[in-house]
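Visitor: This is run_22.txt (compact mmCIF, C-alpha atoms).
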# COMPACT_ATOMS: atom_id res chain seq x y z
CA MET J 531 2.99 -3.62 -6.33
CA LEU J 532 2.41 -3.48 -10.08
CA ARG J 533 6.15 -3.50 -10.71
CA SER J 534 6.24 -6.76 -8.79
CA LEU J 535 3.77 -8.26 -11.25
CA VAL J 536 5.85 -7.20 -14.23
CA GLY J 537 8.99 -8.63 -12.71
CA SER J 538 11.37 -7.99 -9.89
CA GLU J 539 14.29 -9.62 -8.22
CA MET J 540 11.73 -11.45 -6.07
CA CYS J 541 10.13 -13.04 -9.17
CA ILE J 542 6.63 -12.50 -7.85
CA ARG J 543 5.29 -13.26 -11.32
CA ASP J 544 6.24 -16.90 -10.69
CA ARG J 545 3.92 -16.89 -7.67
CA LEU J 546 0.83 -15.83 -9.64
CA PRO J 547 -1.98 -18.35 -10.04
CA PRO J 548 -1.84 -20.52 -13.18
CA GLY J 549 -2.82 -18.68 -16.34
CA TRP J 550 -2.44 -15.18 -14.90
CA SER J 551 1.14 -14.74 -16.17
CA ASP J 552 0.06 -15.56 -19.72
CA VAL J 553 -2.35 -12.62 -19.65
CA LEU J 554 -0.49 -10.13 -17.43
CA GLY J 555 3.09 -10.90 -18.51
CA PRO J 556 3.08 -9.08 -21.86
CA MET J 557 1.21 -6.04 -20.49
CA GLU J 558 2.93 -2.70 -19.95
CA LEU J 559 2.88 -1.15 -16.47
CA HIS J 560 0.32 1.52 -17.46
CA ASP J 561 -1.97 -1.21 -18.84
CA LEU J 562 -1.76 -3.10 -15.55
CA ALA J 563 -2.65 0.05 -13.62
CA ALA J 564 -5.60 0.64 -15.96
CA LEU J 565 -7.03 -2.74 -14.97
CA LEU J 566 -7.90 -1.20 -11.61
CA ARG J 567 -9.63 1.82 -13.13
CA GLU J 568 -11.51 0.58 -16.18
CA GLU J 569 -12.87 -2.49 -17.86
CA PRO J 570 -10.04 -4.20 -19.74
CA SER J 571 -10.33 -4.79 -23.43
CA LEU J 572 -9.94 -8.54 -23.43
CA ASP J 573 -7.36 -9.72 -25.92
CA PRO J 574 -9.04 -12.52 -27.88
CA SER J 575 -5.68 -14.26 -28.28
CA HIS J 576 -5.60 -14.85 -24.48
CA THR J 577 -8.12 -16.60 -22.32
CA TRP J 578 -8.60 -14.59 -19.12
CA PRO J 579 -8.94 -17.00 -16.20
CA LEU J 580 -12.18 -16.54 -14.28
CA SER J 581 -10.18 -16.22 -11.07
CA LEU J 582 -8.29 -13.23 -12.55
CA GLN J 583 -11.51 -11.62 -13.75
CA HIS J 584 -13.03 -12.10 -10.28
CA PHE J 585 -9.91 -10.70 -8.59
CA ILE J 586 -9.93 -7.57 -10.79
CA GLY J 587 -13.63 -7.03 -10.05
CA THR J 588 -13.06 -7.42 -6.32
CA VAL J 589 -10.15 -4.97 -6.34
CA ARG J 590 -12.23 -2.41 -8.24
CA ASN J 591 -14.95 -2.67 -5.61
CA HIS J 592 -12.41 -1.70 -2.94
CA VAL J 593 -10.50 1.06 -4.74
CA LEU J 594 -10.74 4.44 -3.05
CA PRO J 595 -11.98 7.39 -5.08
CA SER J 596 -9.27 9.06 -7.16
CA VAL J 597 -10.41 12.51 -6.04
CA PRO J 598 -8.44 13.18 -2.87
CA PRO J 599 -10.51 13.99 0.20
CA SER J 600 -10.01 17.34 1.81
CA VAL J 601 -7.22 16.90 4.29
CA SER J 602 -7.60 19.11 7.33
CA ALA J 603 -5.20 20.19 10.06
CA ALA J 604 -4.37 16.49 10.53
CA ALA J 605 -1.92 16.96 7.66
CA ASP J 606 0.05 19.54 9.64
CA PRO J 607 3.46 17.99 10.39
CA THR J 608 3.88 20.19 13.48
CA ASN J 609 1.21 18.02 15.16
CA ILE J 610 3.32 14.88 14.63
CA HIS J 611 6.26 13.77 16.78
CA PRO J 612 9.58 14.50 15.00
CA ALA J 613 10.73 10.89 15.53
CA PHE J 614 8.48 9.86 12.64
CA PHE J 615 10.62 11.94 10.28
CA HIS J 616 14.10 10.93 11.42
CA GLY J 617 16.28 10.37 8.34
CA VAL J 618 13.47 11.26 5.91
CA LYS J 619 13.81 14.00 3.29
CA ALA J 620 11.41 16.97 3.41
CA LYS J 621 9.54 15.94 0.25
CA LYS J 622 8.97 12.45 1.61
CA CYS J 623 7.76 13.94 4.93
CA HIS J 624 5.19 16.02 3.08
CA GLU J 625 3.99 12.96 1.13
CA MET J 626 3.83 10.78 4.27
CA VAL J 627 1.84 13.31 6.24
CA ARG J 628 -0.67 14.03 3.47
CA MET J 629 -1.15 10.35 2.58
CA ALA J 630 -1.58 9.28 6.22
CA ALA J 631 -4.06 12.10 6.87
CA ALA J 632 -6.07 11.22 3.75
CA VAL J 633 -6.15 7.50 4.61
CA HIS J 634 -7.06 8.29 8.23
CA GLN J 635 -9.92 10.54 7.12
CA THR J 636 -11.21 8.05 4.53
CA GLY J 637 -10.88 5.11 6.91
CA SER J 638 -12.78 7.00 9.59
CA GLU J 639 -15.55 7.97 7.18
CA CYS J 640 -15.85 4.33 6.05
CA ARG J 641 -15.83 3.13 9.68
CA ALA J 642 -12.92 0.83 8.91
CA THR J 643 -11.46 -1.10 11.83
CA ARG J 644 -8.15 -2.11 10.22
CA LEU J 645 -5.97 -0.93 7.38
CA VAL J 646 -3.76 -2.97 5.04
CA ASP J 647 -0.76 -1.34 3.38
CA ILE J 648 0.27 -3.49 0.43
CA GLY J 649 3.81 -2.71 -0.69
CA ALA J 650 4.52 -0.93 2.58
CA GLY J 651 8.23 -0.54 1.98
CA ARG J 652 9.73 0.55 5.29
CA GLY J 653 6.30 1.42 6.61
CA TYR J 654 6.54 5.19 6.96
CA VAL J 655 2.86 5.84 6.23
CA SER J 656 1.73 2.68 8.06
CA ARG J 657 3.68 3.76 11.14
CA LEU J 658 2.01 7.19 11.15
CA LEU J 659 -1.39 5.53 10.79
CA ALA J 660 -0.72 3.07 13.60
CA TYR J 661 1.26 5.04 16.15
CA HIS J 662 0.05 8.60 15.53
CA TYR J 663 -3.57 8.03 14.45
CA GLY J 664 -4.21 4.84 16.44
CA TRP J 665 -5.11 2.41 13.65
CA HIS J 666 -4.44 -1.32 13.56
CA VAL J 667 -2.32 -1.56 10.39
CA VAL J 668 -1.11 -4.67 8.61
CA ALA J 669 1.94 -3.75 6.54
CA VAL J 670 2.60 -6.20 3.69
CA GLU J 671 6.06 -6.03 2.09
CA ALA J 672 7.66 -8.52 -0.31
CA GLN J 673 11.28 -7.54 0.31
CA GLN J 674 12.62 -8.81 3.60
CA LEU J 675 15.24 -6.02 3.65
CA HIS J 676 12.52 -3.33 3.80
CA LEU J 677 10.48 -5.30 6.31
CA THR J 678 13.45 -5.71 8.67
CA ALA J 679 14.33 -2.01 8.39
CA GLY J 680 10.69 -1.12 9.03
CA GLU J 681 10.54 -3.23 12.17
CA LYS J 682 13.66 -1.49 13.49
CA LEU J 683 12.10 1.90 12.77
CA ASP J 684 8.92 0.78 14.57
CA GLN J 685 10.92 0.08 17.69
CA ALA J 686 12.85 3.35 17.56
CA VAL J 687 9.83 5.55 16.80
CA GLY J 688 7.51 3.72 19.19
CA ASP J 689 9.95 4.05 22.08
CA VAL J 690 10.14 7.83 21.62
CA ALA J 691 6.76 8.84 20.20
CA GLY J 692 4.57 6.19 21.83
CA ARG J 693 2.12 3.79 20.25
CA LYS J 694 -1.58 4.61 20.00
CA GLY J 695 -2.38 1.71 17.66
CA ARG J 696 -0.91 -1.55 16.47
CA MET J 697 1.26 -2.44 13.49
CA ASP J 698 1.83 -5.97 12.22
CA TRP J 699 4.26 -6.89 9.43
CA VAL J 700 3.70 -9.61 6.85
CA CYS J 701 6.31 -10.70 4.32
CA GLY J 702 4.64 -11.68 1.09
Transcribe the structure of this file into structure tokens.

Guide:
Amino acid sequence: MLRSLVGSEMCIRDRLPPGWSDVLGPMELHDLAALLREEPSLDPSHTWPLSLQHFIGTVRNHVLPSVPPSVSAAADPTNIHPAFFHGVKAKKCHEMVRMAAAVHQTGSECRATRLVDIGAGRGYVSRLLAYHYGWHVVAVEAQQLHLTAGEKLDQAVGDVAGRKGRMDWVCG
């Protein structure tokens, strides 16, 4: 997501609200990430739009704790249908399983009713959350190529492993 702000083939920077590019454009990637964790040191040479300041504050209010929750037996890949891992390298499988288990646990503790995966890629984690754990997941992906591939994987995995929850894709 942050890479998209800095620049990508999709030119998402051009879709930012007026004035945001002036402030965010010259920032390095690590500085952009720090905006989510700490109060930015406002550069007096730039005027930070109120809408950007409000957006950053809102995002900070919704950021999950950086200390990972304890992930129980839910992170055991032997409990998950092998169709979820078709064509995925072992390291990626490990990451998918741990991330999905952590999000499931945190979402349950927060009594969330839906999850949004921004920058979902091909939706590997979203798919686990929707079809294995039973969540309603909205997967947001800017690149149509990844979104199309993800929808095909949804069909293939869902047909074999079943669908406990719901997954919706949004291109944006």

Visitor: Would you pick out the contacts of Thr678 of chain J at 12 Å or less, using all atoms listed in the file, so that residues sharing its chain but fewer than 6 positions from it are not included, and give the list as a ChimeraX atom specification?

Guide: /J:650-653,669-672,684-685,699-701

Visitor: Measuring between only C-alpha atoms, which one of J:Lys682, J:Glu568, J:Leu554, J:His662 shows the shortest distance to Pro612 of chain J?

Guide: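 For Pro612 of chain J, the nearest of the given residues is J:His662.
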
Visitor: Could you check which of J:Ile648, J:Ala642, J:Met629, J:Leu566 is closest to Gly587 of chain J, using all atoms listed in the file?

Guide: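 Smallest distance to Gly587 of chain J is found for J:Leu566.
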
Visitor: Taking (4.1, 11.4, 3.8) in the file's own coordinates, collect the residues within 12 Å, counting only C-alpha atoms, and hand them back as JSON, numbers by chain.

Guide: {"J": [604, 605, 606, 607, 610, 614, 615, 618, 619, 620, 621, 622, 623, 624, 625, 626, 627, 628, 629, 630, 631, 632, 633, 653, 654, 655, 656, 657, 658, 659]}

Visitor: Counting only C-alpha atoms, find residues at most 10 Å from (-9.3, 0.1, 3.6) (file frame) and give them as JSON, numbers by chain.

Guide: {"J": [592, 593, 594, 633, 634, 636, 637, 638, 640, 641, 642, 643, 644, 645, 646, 647, 667]}

Visitor: Write the residues of the selection above to a file with C-alpha atoms, as a CSV table (one decimal), in the coordinates of the input.

Guide:
chain,number,residue,atom,x,y,z
J,592,HIS,CA,-12.4,-1.7,-2.9
J,593,VAL,CA,-10.5,1.1,-4.7
J,594,LEU,CA,-10.7,4.4,-3.0
J,633,VAL,CA,-6.2,7.5,4.6
J,634,HIS,CA,-7.1,8.3,8.2
J,636,THR,CA,-11.2,8.0,4.5
J,637,GLY,CA,-10.9,5.1,6.9
J,638,SER,CA,-12.8,7.0,9.6
J,640,CYS,CA,-15.8,4.3,6.0
J,641,ARG,CA,-15.8,3.1,9.7
J,642,ALA,CA,-12.9,0.8,8.9
J,643,THR,CA,-11.5,-1.1,11.8
J,644,ARG,CA,-8.2,-2.1,10.2
J,645,LEU,CA,-6.0,-0.9,7.4
J,646,VAL,CA,-3.8,-3.0,5.0
J,647,ASP,CA,-0.8,-1.3,3.4
J,667,VAL,CA,-2.3,-1.6,10.4

Visitor: Could you jot down the atom CA of His616 of chain J to atom CA of Gly692 of chain J separation for me, Å, one decimal place?

Guide: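 About the pair atom CA of His616 of chain J and atom CA of Gly692 of chain J: they are 14.9 Å apart.
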
Visitor: Record the distance separating atom CA of Arg693 of chain J and atom CA of Gly649 of chain J, expressed in Å with one decimal.

Guide: 22.0 Å

Visitor: Edge lengths and centre in Å to one decimal, as JSON, of the axis-aligned box that encloses all listed atoms of segment 635-640 of chain J with 3 Å added on every side?

Guide:
{"center_x": -12.9, "center_y": 7.4, "center_z": 7.1, "size_x": 11.9, "size_y": 12.2, "size_z": 11.1}

Visitor: From the options J:Ile586, J:Leu565, J:Met557, J:Ala613, which residue's atoms come nearest to Gly688 of chain J, counting all atoms listed in the file?

Guide: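 Of all the options, J:Ala613 lies closest to Gly688 of chain J.
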